[in-house]
Every structure is written in structure tokens, then in C-alpha cells.
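Single-structure report; data block below.
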Protein chains: 2
Amino acid sequence: MGVDPGLTRCGLGAVEGRPGAPLTLVAVGVVRTGADEELGARLVGIEAGIEQWLDDVRPDAVAVERVFSQHNVRTVMGTAQAAGIAVLCAARRGLPVALHTPSEVKAAITGSGTADKKQIGAMVTRLLRLSEMPKPADAADALALAICHVWRGGAQHRLAAALAKATRKDTRP
Amino acid sequence: MGVDPGLTRCGLGAVEGRPGAPLTLVAVGVVRTGADEELGARLVGIEAGIEQWLDDVRPDAVAVERVFSQHNVRTVMGTAQAAGIAVLCAARRGLPVALHTPSEVKAAITGSGTADKKQIGAMVTRLLRLSEMPKPADAADALALAICHVWRGGAQHRLAAALAKATRKDTRP
């Protein structure tokens, strides 16, 4: 499950699959909170929305976009706080949490770390064999995070498996 | 109850009082998490520590330092996330949450918005009639936030009371 964090729109997307096999869309959507609400009420709303998703989707892992302070200064604190709540909700359930940078996600999905939102949306649509691009962009970005995580996680799993095999060879000739 | 947010050290301090009367120390301390722990585990630790404090102290209101992205870039995201969790914990209980900037706190406690940590610590020690300065600085800062909130809240309460009185005069001569 991928989370594109934000206070106004927090994108959520879940996919099923493994590296080298077709991916399937499980769910996609956004949790919204009102810009006129107090920060506390917004954070409670984000938490409730993510908890509901974790209950419904029951993911194996959660990937959250890593937030940098170079982003839009006006909104970056809210984005960081929404990301923190996503990490908190996943960690409370003992789920593995990964943070991927926007350029890692772009590179994984499109081959270019500088791809634009439209290109991300187009590749997500193609990879999940959807009839149209998921909207808003936050929802498509959350799916891109989830796909990136499946693929990167896969590479890490293969590496871990290869290392384990090599270690077994060393110790049990 | 004041919260000086941070991942490594989250300062917590509670005071009892009202504007124009002596203030009393209720509790002071820090919640710590290890820099070698995963972000998820750290955020879960911060949440558990703040929840324990809210259970023990049962504050009327929670004041959290407002985090700006101009701060130390390396740690600001973790600080923002710890602040977000403090706001979340308070809002989940229906407690009023206030955000005060560092310069608002400094100005309230010392009369100068550019006072240094030592000056803040000295004034907190004097205002609460303590025998020594609370340590670490994060704990003293949390008390400063709590004191600032009592005084600022007091001004707001008096204004609200005066407005209510004026309204009563208008409608019930």
C-alpha cells in the first residue's frame, strides 16, 4: 500500500503483485480534510482514514513518500505530519514501512527520475491495465509508490535470498 | 501542558495556574527515542510517551511549538512529525491545542523574542520557584510553552469574558 501524504488530499493506493509478474489494482482513493479545519481535527481525520484503509486492505507493507524540506515551504510541515501519521499507523500494527523519495518512485516507474505527473499517471494506468488514469494525481502517485515498493522490495528480497544461500554454502559445504 | 517536539528528545512540561497568580510546576520530563531506531518505532515511542503523560497529567489544554522549515533541515522533518503526533494525541481526546512560535514563547517569558536558551531556563526556574533549572533544555522549553499558553490563554479568556459581558448588557439591559 502506498501513501502520498498531504493534509488536504492524502493519496492512498494498494496493489497486489511481485516483481516480474503483472500487477493488480486492489484499491485507490484519497483521504481529504478541510483547509478551514483546525490542525488537530485534520490529523485525526487523516489517522481515521488511514486506519480504515489498513483495516480494509490489510497490506503486507506500507510505502510512504519521503518528504523533503525543499518542497513548497507553505505546505511541507503539514505534508511531513501526514507522512508521520501514516508511518505511525503502519508501525503500530507491526507492518514494515518503507520511505521512497519522489525521484526513486519516478525512476522505478518510468525509468527517469525527473518524469512529470502525467507520465507517472500514464505508466500507472498501463502497468495496472486500467481503462483510465486514476484521479486525482495524489491517488495515482500513491499507486506509483506501491508499485515502486513491490519492485524494489522484490530486488531486496532476491538479494537477501542470494546472501542467505551464499551463507548456507559457506557454512554447510 | 507544553510540548517541545523532537524525535531524539521530546520535552514535556505541565504547569498549573492562571494569569496574575503564581504558577506551580506539575511535571517535567522528556520522552527519548534512539537515533538508531526505525522512524516507525520512534513515532510509536513518542505517541506512547505522550499518551502516558496525558493520562497522568490530565491537562486542560496542550501547547505545542510551531515548527518552521527554516530550522535545521536535517532534523526538521522529524521535529514536525513529533509535533504532529502531539497535536494528534491531544485532539483525539478533544483537548484544545495551541501552536506557539518560539519567538512568541520567548517574548511571553522574557520580554524579548530573541532570548537565548539560558535566559528561558532562568525565567522558567524563577517563575515556577524551582531550586534549579530544569534539564535538559527541551524540558525547560516545554515548561516555557506551558507558561506562555497560560498567560496568552488568560488574555484570550478575559477578552472572551468581556465580550460576553458586553453582549449580555446589550441584550438584557
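Naming scheme: A, B, ... for chains in displayed order of the C-alpha cells; residues 1 onward per chain; ligands 1 onward as shown.
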(request) Find the spatial neighbours of B:Ile120, counting only C-alpha atoms, within a cut-off of 12 Å - ignore same-chain residues fewer than 5 positions away - and output them as a PyMOL selection string. (result) chain B and resi 102-103+105-115+125-127+133-135+137-145+147-148
Residues of chain A no more than 12 Å from chain B, counting only C-alpha atoms: send them over as a PDB file with N, CA, C and O atoms, in the first residue's frame.
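Full text of part-v7.pdb as output:
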```
ATOM      1  N   LEU A   7      -2.186  16.999   3.774  1.00  0.00           N
ATOM      2  CA  LEU A   7      -3.288  17.295   4.698  1.00  0.00           C
ATOM      3  C   LEU A   7      -4.598  17.486   3.946  1.00  0.00           C
ATOM      4  O   LEU A   7      -5.643  17.027   4.392  1.00  0.00           O
ATOM      5  N   GLU A  38      -9.219  22.902  12.037  1.00  0.00           N
ATOM      6  CA  GLU A  38      -8.011  23.035  12.861  1.00  0.00           C
ATOM      7  C   GLU A  38      -7.054  21.892  12.579  1.00  0.00           C
ATOM      8  O   GLU A  38      -7.490  20.791  12.209  1.00  0.00           O
ATOM      9  N   LEU A  39      -5.755  22.141  12.792  1.00  0.00           N
ATOM     10  CA  LEU A  39      -4.735  21.116  12.515  1.00  0.00           C
ATOM     11  C   LEU A  39      -5.062  19.802  13.228  1.00  0.00           C
ATOM     12  O   LEU A  39      -4.966  18.720  12.625  1.00  0.00           O
ATOM     13  N   GLY A  40      -5.462  19.878  14.498  1.00  0.00           N
ATOM     14  CA  GLY A  40      -5.754  18.668  15.270  1.00  0.00           C
ATOM     15  C   GLY A  40      -6.852  17.836  14.616  1.00  0.00           C
ATOM     16  O   GLY A  40      -6.721  16.618  14.472  1.00  0.00           O
ATOM     17  N   ALA A  41      -7.935  18.503  14.200  1.00  0.00           N
ATOM     18  CA  ALA A  41      -9.052  17.800  13.563  1.00  0.00           C
ATOM     19  C   ALA A  41      -8.601  17.177  12.239  1.00  0.00           C
ATOM     20  O   ALA A  41      -9.016  16.062  11.888  1.00  0.00           O
ATOM     21  N   ARG A  42      -7.716  17.868  11.526  1.00  0.00           N
ATOM     22  CA  ARG A  42      -7.226  17.345  10.240  1.00  0.00           C
ATOM     23  C   ARG A  42      -6.390  16.096  10.470  1.00  0.00           C
ATOM     24  O   ARG A  42      -6.539  15.107   9.742  1.00  0.00           O
ATOM     25  N   LEU A  43      -5.507  16.135  11.463  1.00  0.00           N
ATOM     26  CA  LEU A  43      -4.643  14.980  11.727  1.00  0.00           C
ATOM     27  C   LEU A  43      -5.472  13.791  12.218  1.00  0.00           C
ATOM     28  O   LEU A  43      -5.198  12.644  11.847  1.00  0.00           O
ATOM     29  N   VAL A  44      -6.502  14.061  13.026  1.00  0.00           N
ATOM     30  CA  VAL A  44      -7.398  12.984  13.475  1.00  0.00           C
ATOM     31  C   VAL A  44      -8.127  12.384  12.265  1.00  0.00           C
ATOM     32  O   VAL A  44      -8.289  11.158  12.164  1.00  0.00           O
ATOM     33  N   GLY A  45      -8.519  13.226  11.314  1.00  0.00           N
ATOM     34  CA  GLY A  45      -9.187  12.751  10.098  1.00  0.00           C
ATOM     35  C   GLY A  45      -8.279  11.892   9.233  1.00  0.00           C
ATOM     36  O   GLY A  45      -8.694  10.842   8.713  1.00  0.00           O
ATOM     37  N   ILE A  46      -7.015  12.311   9.103  1.00  0.00           N
ATOM     38  CA  ILE A  46      -6.034  11.539   8.323  1.00  0.00           C
ATOM     39  C   ILE A  46      -5.818  10.180   8.992  1.00  0.00           C
ATOM     40  O   ILE A  46      -5.801   9.135   8.328  1.00  0.00           O
ATOM     41  N   GLU A  47      -5.661  10.193  10.314  1.00  0.00           N
ATOM     42  CA  GLU A  47      -5.437   8.933  11.031  1.00  0.00           C
ATOM     43  C   GLU A  47      -6.626   7.981  10.840  1.00  0.00           C
ATOM     44  O   GLU A  47      -6.440   6.800  10.547  1.00  0.00           O
ATOM     45  N   ALA A  48      -7.833   8.506  10.985  1.00  0.00           N
ATOM     46  CA  ALA A  48      -9.030   7.664  10.855  1.00  0.00           C
ATOM     47  C   ALA A  48      -9.127   7.085   9.441  1.00  0.00           C
ATOM     48  O   ALA A  48      -9.457   5.909   9.259  1.00  0.00           O
ATOM     49  N   VAL A  62       3.782  -1.037   3.908  1.00  0.00           N
ATOM     50  CA  VAL A  62       3.316   0.319   3.589  1.00  0.00           C
ATOM     51  C   VAL A  62       4.515   1.146   3.120  1.00  0.00           C
ATOM     52  O   VAL A  62       5.563   1.159   3.777  1.00  0.00           O
ATOM     53  N   ALA A  63       4.353   1.797   1.964  1.00  0.00           N
ATOM     54  CA  ALA A  63       5.392   2.674   1.417  1.00  0.00           C
ATOM     55  C   ALA A  63       4.886   4.107   1.463  1.00  0.00           C
ATOM     56  O   ALA A  63       3.781   4.393   1.008  1.00  0.00           O
ATOM     57  N   VAL A  64       5.676   4.986   2.048  1.00  0.00           N
ATOM     58  CA  VAL A  64       5.282   6.382   2.225  1.00  0.00           C
ATOM     59  C   VAL A  64       6.300   7.260   1.509  1.00  0.00           C
ATOM     60  O   VAL A  64       7.504   6.980   1.561  1.00  0.00           O
ATOM     61  N   ARG A  66       8.906   9.956   1.003  1.00  0.00           N
ATOM     62  CA  ARG A  66       9.820  10.669   1.892  1.00  0.00           C
ATOM     63  C   ARG A  66       9.691  12.163   1.603  1.00  0.00           C
ATOM     64  O   ARG A  66       9.802  12.582   0.446  1.00  0.00           O
ATOM     65  N   VAL A  67       9.432  12.944   2.635  1.00  0.00           N
ATOM     66  CA  VAL A  67       9.195  14.379   2.463  1.00  0.00           C
ATOM     67  C   VAL A  67      10.492  15.142   2.720  1.00  0.00           C
ATOM     68  O   VAL A  67      11.199  14.876   3.685  1.00  0.00           O
ATOM     69  N   PHE A  68      10.791  16.073   1.833  1.00  0.00           N
ATOM     70  CA  PHE A  68      11.982  16.915   1.990  1.00  0.00           C
ATOM     71  C   PHE A  68      11.564  18.345   2.270  1.00  0.00           C
ATOM     72  O   PHE A  68      10.523  18.790   1.817  1.00  0.00           O
ATOM     73  N   SER A  69      12.438  19.060   2.965  1.00  0.00           N
ATOM     74  CA  SER A  69      12.092  20.444   3.289  1.00  0.00           C
ATOM     75  C   SER A  69      12.296  21.382   2.099  1.00  0.00           C
ATOM     76  O   SER A  69      11.929  22.543   2.160  1.00  0.00           O
ATOM     77  N   GLN A  70      12.863  20.877   1.011  1.00  0.00           N
ATOM     78  CA  GLN A  70      12.995  21.703  -0.194  1.00  0.00           C
ATOM     79  C   GLN A  70      11.642  21.945  -0.872  1.00  0.00           C
ATOM     80  O   GLN A  70      11.501  22.811  -1.711  1.00  0.00           O
ATOM     81  N   HIS A  71      10.647  21.101  -0.530  1.00  0.00           N
ATOM     82  CA  HIS A  71       9.299  21.229  -1.105  1.00  0.00           C
ATOM     83  C   HIS A  71       8.709  22.607  -0.803  1.00  0.00           C
ATOM     84  O   HIS A  71       9.284  23.387  -0.065  1.00  0.00           O
ATOM     85  N   ASN A  72       7.517  22.817  -1.324  1.00  0.00           N
ATOM     86  CA  ASN A  72       6.724  24.012  -1.036  1.00  0.00           C
ATOM     87  C   ASN A  72       6.709  24.296   0.473  1.00  0.00           C
ATOM     88  O   ASN A  72       6.156  23.533   1.251  1.00  0.00           O
ATOM     89  N   VAL A  73       7.335  25.394   0.884  1.00  0.00           N
ATOM     90  CA  VAL A  73       7.519  25.684   2.308  1.00  0.00           C
ATOM     91  C   VAL A  73       6.187  25.875   3.031  1.00  0.00           C
ATOM     92  O   VAL A  73       6.042  25.504   4.186  1.00  0.00           O
ATOM     93  N   ARG A  74       5.194  26.393   2.329  1.00  0.00           N
ATOM     94  CA  ARG A  74       3.903  26.691   2.957  1.00  0.00           C
ATOM     95  C   ARG A  74       3.185  25.409   3.407  1.00  0.00           C
ATOM     96  O   ARG A  74       2.469  25.397   4.394  1.00  0.00           O
ATOM     97  N   THR A  75       3.373  24.332   2.645  1.00  0.00           N
ATOM     98  CA  THR A  75       2.615  23.116   2.937  1.00  0.00           C
ATOM     99  C   THR A  75       3.479  21.979   3.468  1.00  0.00           C
ATOM    100  O   THR A  75       2.951  20.956   3.874  1.00  0.00           O
ATOM    101  N   VAL A  76       4.814  22.150   3.478  1.00  0.00           N
ATOM    102  CA  VAL A  76       5.683  21.000   3.763  1.00  0.00           C
ATOM    103  C   VAL A  76       5.508  20.457   5.177  1.00  0.00           C
ATOM    104  O   VAL A  76       5.597  19.246   5.401  1.00  0.00           O
ATOM    105  N   MET A  77       5.197  21.334   6.149  1.00  0.00           N
ATOM    106  CA  MET A  77       5.042  20.860   7.531  1.00  0.00           C
ATOM    107  C   MET A  77       3.809  19.947   7.639  1.00  0.00           C
ATOM    108  O   MET A  77       3.872  18.895   8.280  1.00  0.00           O
ATOM    109  N   GLY A  78       2.719  20.350   7.010  1.00  0.00           N
ATOM    110  CA  GLY A  78       1.517  19.510   7.010  1.00  0.00           C
ATOM    111  C   GLY A  78       1.762  18.192   6.299  1.00  0.00           C
ATOM    112  O   GLY A  78       1.293  17.137   6.740  1.00  0.00           O
ATOM    113  N   THR A  79       2.519  18.241   5.207  1.00  0.00           N
ATOM    114  CA  THR A  79       2.837  17.029   4.452  1.00  0.00           C
ATOM    115  C   THR A  79       3.673  16.085   5.321  1.00  0.00           C
ATOM    116  O   THR A  79       3.417  14.875   5.370  1.00  0.00           O
ATOM    117  N   ALA A  80       4.678  16.642   6.017  1.00  0.00           N
ATOM    118  CA  ALA A  80       5.524  15.833   6.898  1.00  0.00           C
ATOM    119  C   ALA A  80       4.690  15.209   8.012  1.00  0.00           C
ATOM    120  O   ALA A  80       4.900  14.046   8.386  1.00  0.00           O
ATOM    121  N   GLN A  81       3.725  15.962   8.543  1.00  0.00           N
ATOM    122  CA  GLN A  81       2.904  15.443   9.639  1.00  0.00           C
ATOM    123  C   GLN A  81       1.962  14.343   9.152  1.00  0.00           C
ATOM    124  O   GLN A  81       1.782  13.331   9.843  1.00  0.00           O
ATOM    125  N   ALA A  82       1.391  14.515   7.958  1.00  0.00           N
ATOM    126  CA  ALA A  82       0.542  13.457   7.391  1.00  0.00           C
ATOM    127  C   ALA A  82       1.381  12.200   7.139  1.00  0.00           C
ATOM    128  O   ALA A  82       0.938  11.077   7.424  1.00  0.00           O
ATOM    129  N   ALA A  83       2.608  12.373   6.633  1.00  0.00           N
ATOM    130  CA  ALA A  83       3.511  11.236   6.405  1.00  0.00           C
ATOM    131  C   ALA A  83       3.825  10.549   7.727  1.00  0.00           C
ATOM    132  O   ALA A  83       3.815   9.310   7.815  1.00  0.00           O
ATOM    133  N   GLY A  84       4.082  11.336   8.770  1.00  0.00           N
ATOM    134  CA  GLY A  84       4.389  10.780  10.085  1.00  0.00           C
ATOM    135  C   GLY A  84       3.234   9.940  10.617  1.00  0.00           C
ATOM    136  O   GLY A  84       3.448   8.873  11.207  1.00  0.00           O
ATOM    137  N   ILE A  85       2.007  10.396  10.376  1.00  0.00           N
ATOM    138  CA  ILE A  85       0.846   9.650  10.865  1.00  0.00           C
ATOM    139  C   ILE A  85       0.685   8.340  10.096  1.00  0.00           C
ATOM    140  O   ILE A  85       0.349   7.297  10.683  1.00  0.00           O
ATOM    141  N   ALA A  86       0.974   8.366   8.791  1.00  0.00           N
ATOM    142  CA  ALA A  86       0.919   7.121   8.003  1.00  0.00           C
ATOM    143  C   ALA A  86       1.947   6.123   8.527  1.00  0.00           C
ATOM    144  O   ALA A  86       1.644   4.933   8.708  1.00  0.00           O
ATOM    145  N   VAL A  87       3.156   6.594   8.803  1.00  0.00           N
ATOM    146  CA  VAL A  87       4.222   5.725   9.328  1.00  0.00           C
ATOM    147  C   VAL A  87       3.814   5.183  10.701  1.00  0.00           C
ATOM    148  O   VAL A  87       3.964   3.993  10.990  1.00  0.00           O
ATOM    149  N   LEU A  88       3.259   6.067  11.545  1.00  0.00           N
ATOM    150  CA  LEU A  88       2.810   5.675  12.886  1.00  0.00           C
ATOM    151  C   LEU A  88       1.745   4.579  12.816  1.00  0.00           C
ATOM    152  O   LEU A  88       1.838   3.565  13.520  1.00  0.00           O
ATOM    153  N   CYS A  89       0.732   4.775  11.962  1.00  0.00           N
ATOM    154  CA  CYS A  89      -0.376   3.811  11.865  1.00  0.00           C
ATOM    155  C   CYS A  89       0.149   2.437  11.430  1.00  0.00           C
ATOM    156  O   CYS A  89      -0.267   1.407  11.969  1.00  0.00           O
ATOM    157  N   ALA A  90       1.066   2.433  10.455  1.00  0.00           N
ATOM    158  CA  ALA A  90       1.613   1.156   9.959  1.00  0.00           C
ATOM    159  C   ALA A  90       2.476   0.499  11.031  1.00  0.00           C
ATOM    160  O   ALA A  90       2.346  -0.706  11.294  1.00  0.00           O
ATOM    161  N   ALA A  91       3.347   1.291  11.680  1.00  0.00           N
ATOM    162  CA  ALA A  91       4.277   0.740  12.672  1.00  0.00           C
ATOM    163  C   ALA A  91       3.529   0.204  13.886  1.00  0.00           C
ATOM    164  O   ALA A  91       3.927  -0.800  14.473  1.00  0.00           O
ATOM    165  N   ARG A  92       2.419   0.866  14.262  1.00  0.00           N
ATOM    166  CA  ARG A  92       1.617   0.392  15.399  1.00  0.00           C
ATOM    167  C   ARG A  92       1.097  -1.015  15.165  1.00  0.00           C
ATOM    168  O   ARG A  92       0.876  -1.779  16.092  1.00  0.00           O
ATOM    169  N   ARG A  93       0.860  -1.363  13.871  1.00  0.00           N
ATOM    170  CA  ARG A  93       0.364  -2.699  13.527  1.00  0.00           C
ATOM    171  C   ARG A  93       1.508  -3.668  13.257  1.00  0.00           C
ATOM    172  O   ARG A  93       1.267  -4.801  12.829  1.00  0.00           O
ATOM    173  N   GLY A  94       2.746  -3.185  13.410  1.00  0.00           N
ATOM    174  CA  GLY A  94       3.892  -4.051  13.148  1.00  0.00           C
ATOM    175  C   GLY A  94       4.151  -4.276  11.670  1.00  0.00           C
ATOM    176  O   GLY A  94       4.869  -5.202  11.302  1.00  0.00           O
ATOM    177  N   LEU A  95       3.575  -3.443  10.793  1.00  0.00           N
ATOM    178  CA  LEU A  95       3.810  -3.589   9.344  1.00  0.00           C
ATOM    179  C   LEU A  95       5.151  -2.973   8.969  1.00  0.00           C
ATOM    180  O   LEU A  95       5.514  -1.923   9.495  1.00  0.00           O
ATOM    181  N   PRO A  96       5.880  -3.600   8.045  1.00  0.00           N
ATOM    182  CA  PRO A  96       7.108  -2.960   7.562  1.00  0.00           C
ATOM    183  C   PRO A  96       6.773  -1.654   6.835  1.00  0.00           C
ATOM    184  O   PRO A  96       5.805  -1.592   6.081  1.00  0.00           O
ATOM    185  N   VAL A  97       7.555  -0.623   7.103  1.00  0.00           N
ATOM    186  CA  VAL A  97       7.350   0.690   6.488  1.00  0.00           C
ATOM    187  C   VAL A  97       8.586   1.043   5.672  1.00  0.00           C
ATOM    188  O   VAL A  97       9.715   0.894   6.157  1.00  0.00           O
ATOM    189  N   ALA A  98       8.385   1.490   4.442  1.00  0.00           N
ATOM    190  CA  ALA A  98       9.500   1.956   3.618  1.00  0.00           C
ATOM    191  C   ALA A  98       9.233   3.389   3.205  1.00  0.00           C
ATOM    192  O   ALA A  98       8.086   3.774   2.980  1.00  0.00           O
ATOM    193  N   LEU A  99      10.294   4.176   3.142  1.00  0.00           N
ATOM    194  CA  LEU A  99      10.180   5.545   2.639  1.00  0.00           C
ATOM    195  C   LEU A  99      10.909   5.602   1.300  1.00  0.00           C
ATOM    196  O   LEU A  99      12.066   5.198   1.204  1.00  0.00           O
TER     197      LEU A  99
END
```
(request) Report as number ranges by chain: the residues of chain A with a DSSP assignment of helix (DSSP H, G or I), based on the backbone of this structure. (result) A: 39-57, 73-92, 102-110, 117-127, 137-171
(message) Report, in Å with one decimal, the straight-line distance from atom CA of A:Gly49 to atom CA of A:Glu16.
(response)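 Separating atom CA of A:Gly49 from atom CA of A:Glu16 is a distance of 20.5 Å.
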(request) Show which residues sit within 12 Å of B:Trp53, as an MDAnalysis selection string. Count only C-alpha atoms, and ignore same-chain residues fewer than 3 positions away. (result) chainID B and resid 1:3 10:14 26:31 46:50 56:59 62 86 89:90
(request) Run DSSP on the backbone and give me the residues of chain A it puts in strand (DSSP E or B), as a ChimeraX atom specification. (result) /A:2-4,9-16,24-32,62-65,97-100
Let me see the file: selected residues, N, CA, C and O atoms, as a short mmCIF file (atom, residue, chain, number, x, y, z; two decimals), in the first residue's frame.
```
data_model
loop_
_atom_site.label_atom_id
_atom_site.label_comp_id
_atom_site.auth_asym_id
_atom_site.auth_seq_id
_atom_site.Cartn_x
_atom_site.Cartn_y
_atom_site.Cartn_z
N GLY A 2 0.59 2.16 -0.89
CA GLY A 2 1.36 3.40 -0.99
C GLY A 2 0.59 4.57 -0.41
O GLY A 2 -0.64 4.61 -0.49
N VAL A 3 1.31 5.50 0.17
CA VAL A 3 0.70 6.72 0.73
C VAL A 3 1.43 7.93 0.18
O VAL A 3 2.64 8.08 0.38
N ASP A 4 0.70 8.79 -0.54
CA ASP A 4 1.24 10.08 -0.99
C ASP A 4 0.71 11.11 0.00
O ASP A 4 -0.44 11.55 -0.11
N ARG A 9 -5.24 16.55 0.63
CA ARG A 9 -5.51 15.29 -0.07
C ARG A 9 -4.36 14.33 0.24
O ARG A 9 -3.22 14.59 -0.12
N CYS A 10 -4.68 13.23 0.91
CA CYS A 10 -3.69 12.19 1.19
C CYS A 10 -4.03 11.02 0.27
O CYS A 10 -5.06 10.37 0.42
N GLY A 11 -3.17 10.80 -0.75
CA GLY A 11 -3.43 9.74 -1.72
C GLY A 11 -3.12 8.37 -1.15
O GLY A 11 -2.11 8.20 -0.45
N LEU A 12 -3.99 7.39 -1.41
CA LEU A 12 -3.80 6.02 -0.93
C LEU A 12 -4.03 5.06 -2.09
O LEU A 12 -5.00 5.22 -2.84
N GLY A 13 -3.14 4.10 -2.22
CA GLY A 13 -3.30 3.14 -3.32
C GLY A 13 -2.69 1.82 -2.94
O GLY A 13 -1.61 1.77 -2.35
N ALA A 14 -3.40 0.74 -3.27
CA ALA A 14 -2.88 -0.59 -2.94
C ALA A 14 -2.84 -1.45 -4.20
O ALA A 14 -3.78 -1.41 -5.01
N VAL A 15 -1.75 -2.19 -4.36
CA VAL A 15 -1.61 -3.10 -5.50
C VAL A 15 -1.15 -4.46 -4.95
O VAL A 15 -0.60 -4.56 -3.87
N GLU A 16 -1.43 -5.48 -5.78
CA GLU A 16 -1.00 -6.83 -5.43
C GLU A 16 -0.08 -7.31 -6.53
O GLU A 16 -0.34 -7.08 -7.72
N THR A 24 -1.81 -6.04 -9.97
CA THR A 24 -3.26 -5.86 -9.94
C THR A 24 -3.62 -4.72 -9.00
O THR A 24 -3.05 -4.62 -7.92
N LEU A 25 -4.57 -3.90 -9.44
CA LEU A 25 -5.08 -2.84 -8.57
C LEU A 25 -5.96 -3.45 -7.49
O LEU A 25 -6.86 -4.24 -7.79
N VAL A 26 -5.72 -3.07 -6.24
CA VAL A 26 -6.58 -3.52 -5.13
C VAL A 26 -7.54 -2.39 -4.75
O VAL A 26 -8.74 -2.60 -4.64
N ALA A 27 -7.02 -1.20 -4.56
CA ALA A 27 -7.86 -0.06 -4.16
C ALA A 27 -7.10 1.23 -4.42
O ALA A 27 -5.87 1.25 -4.40
N VAL A 28 -7.84 2.29 -4.69
CA VAL A 28 -7.22 3.60 -4.87
C VAL A 28 -8.19 4.68 -4.41
O VAL A 28 -9.41 4.53 -4.56
N GLY A 29 -7.67 5.74 -3.80
CA GLY A 29 -8.53 6.81 -3.33
C GLY A 29 -7.74 7.89 -2.61
O GLY A 29 -6.50 7.86 -2.62
N VAL A 30 -8.46 8.81 -2.02
CA VAL A 30 -7.82 9.87 -1.23
C VAL A 30 -8.60 10.09 0.06
O VAL A 30 -9.81 9.86 0.11
N VAL A 31 -7.86 10.48 1.11
CA VAL A 31 -8.49 10.97 2.34
C VAL A 31 -8.35 12.48 2.29
O VAL A 31 -7.24 12.99 2.09
N ARG A 32 -9.46 13.19 2.42
CA ARG A 32 -9.43 14.66 2.35
C ARG A 32 -9.76 15.25 3.71
O ARG A 32 -10.56 14.70 4.45
N VAL A 62 3.78 -1.04 3.91
CA VAL A 62 3.32 0.32 3.59
C VAL A 62 4.51 1.15 3.12
O VAL A 62 5.56 1.16 3.78
N ALA A 63 4.35 1.80 1.96
CA ALA A 63 5.39 2.67 1.42
C ALA A 63 4.89 4.11 1.46
O ALA A 63 3.78 4.39 1.01
N VAL A 64 5.68 4.99 2.05
CA VAL A 64 5.28 6.38 2.22
C VAL A 64 6.30 7.26 1.51
O VAL A 64 7.50 6.98 1.56
N GLU A 65 5.81 8.32 0.85
CA GLU A 65 6.76 9.22 0.18
C GLU A 65 7.60 9.94 1.22
O GLU A 65 7.09 10.47 2.21
N VAL A 97 7.55 -0.62 7.10
CA VAL A 97 7.35 0.69 6.49
C VAL A 97 8.59 1.04 5.67
O VAL A 97 9.71 0.89 6.16
N ALA A 98 8.38 1.49 4.44
CA ALA A 98 9.50 1.96 3.62
C ALA A 98 9.23 3.39 3.20
O ALA A 98 8.09 3.77 2.98
N LEU A 99 10.29 4.18 3.14
CA LEU A 99 10.18 5.54 2.64
C LEU A 99 10.91 5.60 1.30
O LEU A 99 12.07 5.20 1.20
N HIS A 100 10.22 6.06 0.27
CA HIS A 100 10.85 6.21 -1.05
C HIS A 100 10.79 7.68 -1.45
O HIS A 100 9.77 8.34 -1.24
#
```
(request) Rounded to one decimal place, report the atom CA of B:Gln119-atom CA of B:Thr101 distance in Å. (result)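 Taking atom CA of B:Gln119 and atom CA of B:Thr101, their separation equals 16.8 Å.
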(request) Kindly indicate which residue among B:Asp60, B:Thr8, B:Trp151, B:Ala166 lies nearest to B:Glu37, using only C-alpha atoms for the distances. (result) B:Thr8
